[in-house]
Every structure is written in C-alpha cells, then in structure tokens.
Amino acid sequence: MPFGKNFITVHNILDNKNTGKENHFFKAAKDNNVKLLKRLIGEGADPCMKGALGETVLHTAALYNNLEALILLLDAFPFLINKPMECEIYKGETALHIAIVNQNIEMVKELIARKADIRNARAEGTFFAPRKKGHYYYGEYVTSFAASVGNQEILQLLVESGAPLDSQDSQGNTVFHILVLHLNKVMACKIYDFLISLIPEEQVPHLENITNNKGLTPLKLAAREGDLVMFKFFMKRRRQAYWAFGPLTSALYDLTEIDCWNDRLSVIDIICNSKSHTAPHLLEITPLKELLDYKWSMFGFKYFLLWTFLYILYIITLTLCCLYRPLKQEMANESVMKTTLMPLHEAYQSWKDYVRLFGEIVVILGAVLILTTEITQLLKNGAKHFFGNTVTGGPFHIIMLLYAGFILAVMVLRLITTEGETVLMSLALICAWCNVIYFARGFRILGPLCIMIQKMILGDLLRFCIILILVLIGFAAAFHVHFQAMNVTLFPYFSDFPVTLFTLFQLMMGLDNLPVPSDVIMPKMITVLYMVYMLFAFVLLLNLLIAFMADTHFRVNKERKILWRAQIAATTIMLERIVPNWLWPRTGIPGEIIGLEEGKWYLRVEEKNDVFAPDKIKKQINLGNSQKPLCKEWNLVHTNIAKRVMNKRMHQRILDGQI
C-alpha cells in the first residue's frame, strides 16, 4: 500500500473515454471548464450518464481535484453526491473516497457540508480487495481511507462530523486493523495515537477489542503478521509505571489478550502458529519475554521433565513387551524348527505373562491417548499447519500418528492370532524411539538440533528424495533391461526390478561396489551406465544434499535462540492447558489488588533507564540485563554500588586510624 507525497491516485488509469470519443460533459468536468459545464447543464445534459468504468461526471471532477466543477455539479444535481461507481473494479467508491485519497481537504469539507455519506459508503471493488486479490486494501470506509493516506486533518474532520470508528468492512476489519496492516509503520503508529486522542478514553477499550472475521483484535493481528514495530507500539501503550527508584522503574503490563490462560487465541498462541518468519522475534519483546521465562522456569520445565521421564518409561515398557512377546518353537519339518506366535489362550499363563499383559495394556492405552490427541489437533489446525509448523512439532506429529496406528494394528493382529505383527511392531519401535528427539526442545543445547532435524526432513530431505526416486527408477529400469538377457544366477543383485532398485540405492550411498563377478565379461553399455549413474547420483545428488543441509544448518544456527524460545513458548502453552489449575496458578497480579481495573491481570517488570543514571554508574548498570521480573533478586547494580560505598568507608577508617 504505497502512500504519501509520491502516492499516485488509484484512478490514474481513468481517462473517461466513451466508445473512443470523449464526451463533452466529462471533458468539461475533467478540465474544470465551468462555462462549458453551465452551458451543458442548461442544455439538459444527462447527469446520470456513466463513463467507461461506471463513474459519473462528479467522480471525474473529484478525480482531477476540480473543486469549482464539483460545486457546480452538486448545486445542479445534489443527488450525485453519494452515487457510487458501478464497475466491478471500483464498485462502491464515492466522490468522498476519491477526495480523501487525493487529500483535497477543501473538497472533503465541501462534500461533508453537503451531507455526503460518511457512515455507510463502502468501496468494495476488486481494486481494494485485500492481499493478492486487489491492489490497495484501504478498508472500504472513508475513515479507513483517511487513516491509510495519513492525513490527520481529514481524519479529524470525519470523526468530528460523526464518522464511526467501529465500522467493519467485509473482512471484519476496523480502521485500527487497517493501520496495523499498513506498510508505513511509523505513520501508522502516529495516526493510531492521533485517532485515540480524538475519542473519549472510555470508548478506547471497546474499539480495540473489536475482532475481525478471524477473531483477531488489532493487537492479535499485529502478532499474526509478525509486525515488530506495531507490536512494540501496543506494548508501550499497555505499560504503566508503578514506581521508580533512580534509573530503575517498576512497570505494570496488562496481560489481557497476551496470556494464554483461558484464551485459546492468545497473542502467544498466534505467534507460535504464525506463518510469518518474523513472528518468533516478538517473543523477545517485554512483557512476553518475562512472562514466558517466568512460566517456564517456575512450572513449565519441571512438568516437561516429568513428561519426558514418563514417555521414556513408556517406550521402555513398549520395548520390553516387544522383546518378550509370547513365542513358541515348533517343527517346520523333520529337521527345521521355527518360531511362531503363541495363540491368545496360551500367551497368558504364568505371573510373568500377566506382568507383560499389564505392560501391553499400558502401551495400548498410551497409543489410544496419543491417537485421540493428535487427531483432535489435526482437525483443529488443518494438515498443512499441523505437520508443517516446526515450532509446534512438525514431522513429529506424523511419527506419533504412525506409531499409534501401528500399535493398534498389532493389537488387532494379536487378537485374531494372525502372522504379520513383526513388521508393524518393528516400525512402531522405530517411531517411538525416534520421537524422543522431540523432547530435545526443552533443553537449550539440544533445542536447535531438534529444529534442524525438522527443517531438514520437511525441506532438504523431502526435495532430495523426490529427485532421488525419479533417478533410481530410471537407472534401475535401464540396468534391469540389460540384465534380463543375461544369466540371472551369475548376477543375483540384478535378478528382478525391486532387487536392482535396492542395489542402485546401495551404490549411490557408497555402501557397495558394482556387484558383478570379476571373471565375467560385461557389456560395455553396463559400464557406461554405471559410470553415468555414479557421477550423477553419488557425486552430484549426494553432495547437493550435503550442501542443502549445510545451508539449513547455517540459517537455523543464526536464529537458534529465537527459534528455541518459540518452541519453549509452544511447549509452555501446551503444558499449561494440560496441567490442572491448582498445580499451575495463573501468572500475574489481579488488577483490584493494585488499584487498577478489576478482572484484568498485570505482570510487574523491572526496567532500567540509563538516561537517569549518573555517568559514573552507567557502566555498572549496563552489566545487568535490561529487564527483569520483579520476583527476581534485587538488581546487581545496587550490590556493586553498595560494595563500593563499603570499601570507601573502610578505607577512610583505616586512614583515620580507627582500624
């Protein structure tokens, strides 16, 4: 949305051509030819005639900033003032919209004085559609148009004339939402403050709590967009100084909409689920940083360790149940013994069998719980977000779904005493143990490793596998065609197509050499195919995968702290909603206790301001963190200053002979 001095009016393509010949009526309005307009009006010119884009002559006068022509037309045809454009691209736009975009204050005043519609006029054309559907999204209403162009005088004029600020467009956005979406963040913050100053203070909470069609307030919209500037602006507006002591200030932050307590669409939820790559950076802003640090250190990490311990205990139980499953030996023929699964009525006889039965019940109940939880989250968030968001788990959700499915399938096979559970059981074991990597997110050292694995699986490895499968199929078919005409007993590694495919995979990974007898003369074409395959698959593709992974490692390592904090935030939210309230009390201070608004909760944070610190102790102040929750110990600065004072007093007493 480009705005400002270099803004080109949205209708600069409009030249008012009718069937290739300029209409005199439109030309007079375009050129501000008042005499010709008077003559044409006197001759009975049709005021309702439409231009090429469904505009009236009044729109043309407004478009070219011709105030005299506009006044003349309104005097003659007052009903034109609220006539909207009718073409699909500019549908609903009135002369007032155009005057606001052109920032023609005199024209805006004239239109408002003549009772132009400032409440219901909506520009709904495709030109003003949001996102990629349109060119410029202004918010449809005239107040949103005025806020978008950043003209305070026009905006004040509209508000004082009774233009509502709570009007919602087709997306459910108010003028405050539009300012959040504005590209010029500095101007948007300035206009936001200016708008707030125009209305009574008691109306501000109502306007800021209006949600759009996606359930987002302006604050939550800024969080979803990953807008650092606007989000910092909102946090600054929520800040209230509680007390100050020199360079230290104790500030209170309103946690409404921020804290995930009893809010399924909190700011922290939105940041963790946002597609914006800048959204995780919002977690470094006060008070989100202090809030999450407090929750994680006081409750989250302890419950996460307990969860990790229980999961490891669970998969150990699974492993033992699989290793000691009920098997029996029977004769396959006269000289060969084979191991088979015991029938269900023979599997549980001794006390060891009942111990195993208890473990199997625990494993099945765990699988059912995992499957229920994962499917619920999948239906809630959608497949693309559920499996593609590395912050909330990414591919580990796929692993857990597969694991639960394998366990339930093994249970069914065991109940009907059917062979085939071995394969599913082995796959379930792999999934269960691989998912332990998910729990690395709770540790600062291992957390970035967890992110790298997810991004490599979803990005680098997925692309590599797609290309590799195509290459393997092509070369395997080429090799198989040649070995079909040769003695299969001499070339067991190329006996059929699947075996040939697996052999080429081994060759590509460098696990084997070309498995052909040395005393057999090979066709030269096979040698050529082998050289081309190794050059393309082993040298090119494998090294390309390594390069991809190195690039991913560099990118993730660069933002490891931010990404790890995002993982911790997502884990904290999940744990807080699972753990009962009596084991995880709400974070913050009730407003009624500190004399603020009842029903709201506040977080108290210590902040330092170097501007008020003496030059001699500024260096000492900068040694500590910039901000700390008040529940922490007193700032290190004061300790250092106290030590200096004590040392000076001790030195003076020595000089005075008192010691």
# chains A, B, ... in the order shown; residues from 1 in each chain; ligands from 1

$ closest_atom_pairs --of "segment 289-331 of chain A" --to "segment 347-353 of chain A" --cutoff "9 Å" --atoms "only C-alpha atoms" --output "tab-separated table"
residue	atom	partner	partner_atom	distance
A:Arg325	CA	A:Ala347	CA	8.6
A:Pro326	CA	A:Ala347	CA	5.6
A:Leu327	CA	A:Ala347	CA	8.2

$ write_last_selection --atoms "N, CA, C and O atoms" --output "PDB file, in the first residue's frame"
ATOM      1  N   ARG A 325       7.664 -60.874  23.814  1.00  0.00           N
ATOM      2  CA  ARG A 325       6.332 -61.259  23.355  1.00  0.00           C
ATOM      3  C   ARG A 325       6.203 -62.782  23.374  1.00  0.00           C
ATOM      4  O   ARG A 325       7.206 -63.512  23.275  1.00  0.00           O
ATOM      5  N   PRO A 326       4.993 -63.300  23.455  1.00  0.00           N
ATOM      6  CA  PRO A 326       4.804 -64.760  23.599  1.00  0.00           C
ATOM      7  C   PRO A 326       5.088 -65.510  22.297  1.00  0.00           C
ATOM      8  O   PRO A 326       4.338 -65.394  21.325  1.00  0.00           O
ATOM      9  N   LEU A 327       6.190 -66.246  22.282  1.00  0.00           N
ATOM     10  CA  LEU A 327       6.584 -67.041  21.120  1.00  0.00           C
ATOM     11  C   LEU A 327       6.747 -68.493  21.543  1.00  0.00           C
ATOM     12  O   LEU A 327       6.981 -68.811  22.709  1.00  0.00           O
TER      13      LEU A 327
END

$ residues_around --residues "Ala121 of chain A" --least-positions-apart "6" --cutoff "10 Å" --atoms "only C-alpha atoms" --output "number ranges by chain"
A: 82-84, 92-94, 96-97, 140-142

$ residues_around --residues "segment 560-575 of chain A" --least-positions-apart "2" --cutoff "9 Å" --atoms "only C-alpha atoms" --output "JSON, numbers by chain"
{"A": [260, 261, 268, 269, 271, 272, 273, 280, 281, 283, 284, 289, 292, 295, 296, 299, 300, 301, 303, 304, 390, 391, 392, 393, 441, 442, 443, 444, 447, 448, 449, 451, 555, 556, 557, 558, 577, 578, 579]}

$ write_last_selection --atoms "N, CA and C atoms" --output "short mmCIF file (atom, residue, chain, number, x, y, z; two decimals), in the first residue's frame"
data_model
loop_
_atom_site.label_atom_id
_atom_site.label_comp_id
_atom_site.auth_asym_id
_atom_site.auth_seq_id
_atom_site.Cartn_x
_atom_site.Cartn_y
_atom_site.Cartn_z
N CYS A 260 -2.02 -16.85 27.71
CA CYS A 260 -2.81 -17.93 27.14
C CYS A 260 -3.78 -18.54 28.16
N TRP A 261 -3.83 -17.99 29.37
CA TRP A 261 -4.74 -18.51 30.39
C TRP A 261 -6.20 -18.26 29.99
N ILE A 268 0.29 -15.23 22.42
CA ILE A 268 1.35 -16.25 22.41
C ILE A 268 0.95 -17.40 21.49
N ASP A 269 -0.32 -17.82 21.51
CA ASP A 269 -0.80 -18.85 20.59
C ASP A 269 -0.60 -18.41 19.14
N ILE A 271 1.44 -16.18 17.85
CA ILE A 271 2.86 -16.11 17.47
C ILE A 271 3.40 -17.49 17.17
N CYS A 272 3.06 -18.46 18.00
CA CYS A 272 3.56 -19.82 17.80
C CYS A 272 3.01 -20.45 16.53
N ASN A 273 1.81 -20.05 16.11
CA ASN A 273 1.17 -20.63 14.94
C ASN A 273 1.28 -19.76 13.69
N PRO A 280 8.36 -15.13 15.54
CA PRO A 280 9.08 -15.57 16.76
C PRO A 280 9.89 -14.47 17.43
N HIS A 281 10.27 -13.44 16.68
CA HIS A 281 11.04 -12.34 17.27
C HIS A 281 10.20 -11.55 18.27
N LEU A 283 8.60 -12.70 20.64
CA LEU A 283 8.75 -13.30 21.96
C LEU A 283 9.91 -12.70 22.74
N GLU A 284 10.73 -11.89 22.09
CA GLU A 284 11.84 -11.21 22.77
C GLU A 284 11.42 -9.85 23.33
N LYS A 289 8.64 -11.83 26.87
CA LYS A 289 9.87 -12.50 27.26
C LYS A 289 9.85 -12.84 28.75
N LEU A 292 7.05 -15.56 29.63
CA LEU A 292 7.40 -16.93 29.27
C LEU A 292 8.56 -17.46 30.11
N LYS A 295 7.05 -18.45 33.48
CA LYS A 295 6.23 -19.66 33.40
C LYS A 295 7.10 -20.90 33.20
N TRP A 296 8.10 -20.78 32.34
CA TRP A 296 8.94 -21.93 32.03
C TRP A 296 9.80 -22.32 33.23
N PHE A 299 7.24 -23.44 36.35
CA PHE A 299 6.36 -24.59 36.20
C PHE A 299 6.70 -25.43 34.97
N GLY A 300 6.86 -24.78 33.83
CA GLY A 300 6.97 -25.49 32.56
C GLY A 300 8.09 -26.51 32.51
N PHE A 301 9.30 -26.11 32.90
CA PHE A 301 10.44 -27.01 32.79
C PHE A 301 10.28 -28.23 33.69
N TYR A 303 7.42 -29.67 34.73
CA TYR A 303 6.44 -30.59 34.17
C TYR A 303 6.95 -31.22 32.88
N PHE A 304 7.77 -30.49 32.13
CA PHE A 304 8.33 -31.03 30.90
C PHE A 304 9.29 -32.19 31.22
N THR A 390 7.26 -26.21 12.41
CA THR A 390 8.32 -26.81 13.22
C THR A 390 8.26 -26.35 14.67
N VAL A 391 7.65 -25.19 14.92
CA VAL A 391 7.58 -24.68 16.29
C VAL A 391 6.72 -25.60 17.16
N THR A 392 5.60 -26.08 16.61
CA THR A 392 4.68 -26.89 17.40
C THR A 392 4.92 -28.40 17.26
N GLY A 393 5.89 -28.80 16.47
CA GLY A 393 6.20 -30.22 16.40
C GLY A 393 6.52 -30.73 15.02
N ARG A 441 13.62 -30.33 22.62
CA ARG A 441 13.23 -28.92 22.59
C ARG A 441 13.24 -28.28 23.97
N GLY A 442 13.19 -29.05 25.00
CA GLY A 442 13.16 -28.49 26.34
C GLY A 442 14.52 -28.09 26.88
N PHE A 443 15.57 -28.34 26.12
CA PHE A 443 16.92 -28.06 26.59
C PHE A 443 17.62 -27.11 25.63
N ARG A 444 18.28 -26.12 26.18
CA ARG A 444 18.88 -25.06 25.37
C ARG A 444 19.92 -25.61 24.39
N GLY A 447 17.82 -28.04 21.82
CA GLY A 447 16.65 -27.46 21.13
C GLY A 447 16.90 -27.11 19.68
N PRO A 448 17.97 -26.35 19.36
CA PRO A 448 18.24 -26.04 17.95
C PRO A 448 18.45 -27.28 17.09
N LEU A 449 19.02 -28.35 17.69
CA LEU A 449 19.20 -29.60 16.94
C LEU A 449 17.85 -30.16 16.52
N ILE A 451 15.15 -28.47 15.90
CA ILE A 451 14.64 -27.63 14.81
C ILE A 451 15.32 -27.98 13.50
N ARG A 555 21.38 -21.31 8.48
CA ARG A 555 20.24 -20.44 8.71
C ARG A 555 19.63 -20.67 10.10
N VAL A 556 19.48 -21.93 10.48
CA VAL A 556 18.90 -22.23 11.79
C VAL A 556 19.83 -21.80 12.91
N ASN A 557 21.12 -22.03 12.71
CA ASN A 557 22.09 -21.68 13.75
C ASN A 557 22.12 -20.18 13.99
N LYS A 558 21.81 -19.42 12.94
CA LYS A 558 21.81 -17.96 13.05
C LYS A 558 20.68 -17.47 13.94
N ARG A 577 -2.16 -25.92 29.59
CA ARG A 577 -3.54 -26.32 29.34
C ARG A 577 -3.81 -27.77 29.75
N ILE A 578 -2.76 -28.54 29.89
CA ILE A 578 -2.93 -29.93 30.32
C ILE A 578 -2.94 -30.03 31.84
N VAL A 579 -2.03 -29.29 32.47
CA VAL A 579 -1.87 -29.37 33.92
C VAL A 579 -3.07 -28.69 34.60
#

$ closest_residue --among "A:Leu36, A:Trp433, A:Asp460, A:Tyr533" --to "Phe475 of chain A" --atoms "only C-alpha atoms"
A:Tyr533

$ atom_distance --atom1 "atom CA of Val363 of chain A" --atom2 "atom CA of His397 of chain A"
18.0 Å

$ residues_around --residues "segment 225-236 of chain A" --least-positions-apart "6" --cutoff "8 Å" --atoms "only C-alpha atoms" --output "short mmCIF file (atom, residue, chain, number, x, y, z; two decimals) with N, CA, C and O atoms, in the first residue's frame"
data_model
loop_
_atom_site.label_atom_id
_atom_site.label_comp_id
_atom_site.auth_asym_id
_atom_site.auth_seq_id
_atom_site.Cartn_x
_atom_site.Cartn_y
_atom_site.Cartn_z
N VAL A 180 -2.84 -1.41 11.42
CA VAL A 180 -1.89 -2.48 11.71
C VAL A 180 -1.33 -3.07 10.43
O VAL A 180 -0.15 -3.42 10.34
N LYS A 185 4.92 1.85 8.93
CA LYS A 185 4.65 1.59 10.34
C LYS A 185 4.76 2.85 11.19
O LYS A 185 4.00 3.03 12.14
N VAL A 186 5.72 3.71 10.88
CA VAL A 186 5.89 4.93 11.67
C VAL A 186 4.65 5.81 11.55
O VAL A 186 4.12 6.32 12.55
N CYS A 189 1.59 4.18 13.41
CA CYS A 189 1.61 4.39 14.87
C CYS A 189 1.19 5.82 15.22
O CYS A 189 0.44 6.04 16.18
N LEU A 219 -4.26 -5.87 18.21
CA LEU A 219 -3.05 -6.41 18.84
C LEU A 219 -2.75 -7.81 18.32
O LEU A 219 -1.60 -8.13 17.96
N TYR A 253 2.32 -4.35 33.12
CA TYR A 253 1.84 -4.62 31.77
C TYR A 253 0.54 -5.41 31.83
O TYR A 253 0.46 -6.44 32.52
N ILE A 271 1.44 -16.18 17.85
CA ILE A 271 2.86 -16.11 17.47
C ILE A 271 3.40 -17.49 17.17
O ILE A 271 4.13 -17.70 16.18
N SER A 274 1.93 -18.61 13.81
CA SER A 274 2.01 -17.68 12.69
C SER A 274 2.93 -18.21 11.59
O SER A 274 3.94 -18.87 11.86
N SER A 276 4.44 -16.11 9.59
CA SER A 276 5.44 -15.07 9.37
C SER A 276 6.76 -15.47 10.01
O SER A 276 6.80 -15.94 11.15
N HIS A 277 7.86 -15.29 9.27
CA HIS A 277 9.17 -15.66 9.80
C HIS A 277 9.66 -14.68 10.85
O HIS A 277 10.62 -14.97 11.58
N THR A 278 9.03 -13.52 10.94
CA THR A 278 9.42 -12.54 11.96
C THR A 278 8.62 -12.69 13.25
O THR A 278 8.96 -12.07 14.26
N ALA A 279 7.56 -13.50 13.23
CA ALA A 279 6.71 -13.63 14.42
C ALA A 279 7.46 -14.13 15.65
O ALA A 279 7.24 -13.61 16.75
N PRO A 280 8.36 -15.13 15.54
CA PRO A 280 9.08 -15.57 16.76
C PRO A 280 9.89 -14.47 17.43
O PRO A 280 10.14 -14.53 18.64
N HIS A 281 10.27 -13.44 16.68
CA HIS A 281 11.04 -12.34 17.27
C HIS A 281 10.20 -11.55 18.27
O HIS A 281 10.77 -10.85 19.13
N LEU A 282 8.88 -11.63 18.16
CA LEU A 282 8.02 -10.91 19.10
C LEU A 282 8.15 -11.46 20.52
O LEU A 282 7.86 -10.75 21.49
N ILE A 285 10.18 -9.46 23.06
CA ILE A 285 9.70 -8.14 23.48
C ILE A 285 9.06 -8.25 24.86
O ILE A 285 8.36 -9.21 25.17
N THR A 286 9.31 -7.24 25.69
CA THR A 286 8.65 -7.15 27.00
C THR A 286 7.16 -6.83 26.80
O THR A 286 6.82 -6.01 25.94
N PRO A 287 6.25 -7.50 27.51
CA PRO A 287 6.45 -8.43 28.63
C PRO A 287 6.42 -9.90 28.26
O PRO A 287 6.45 -10.75 29.15
#

$ residues_around --residues "Lys214 of chain A" --least-positions-apart "4" --cutoff "12 Å" --atoms "only C-alpha atoms" --output "ChimeraX atom specification"
/A:170-173,177,210,218,220-221,224,265,270

$ select_by_dssp --residues "segment 13-119 of chain A" --states "strand (DSSP E)" --output "VMD selection string"
chain A and resid 17 to 18 21 to 22

$ atom_distance --atom1 "atom CA of Ile526 of chain A" --atom2 "atom CA of Ile469 of chain A"
20.4 Å

$ atom_distance --atom1 "atom CA of Leu357 of chain A" --atom2 "atom CA of Cys321 of chain A"
8.3 Å

$ select_by_dssp --residues "segment 195-429 of chain A" --states "helix (DSSP H, G or I)" --output "VMD selection string"
chain A and resid 195 to 198 201 to 208 218 to 225 228 to 238 267 to 273 279 to 284 288 to 323 344 to 347 351 to 381 383 to 388 395 to 415 421 to 429

$ closest_residue --among "A:Cys48, A:Leu255, A:Leu461, A:Val355" --to "Ala547 of chain A" --atoms "only C-alpha atoms"
A:Leu461
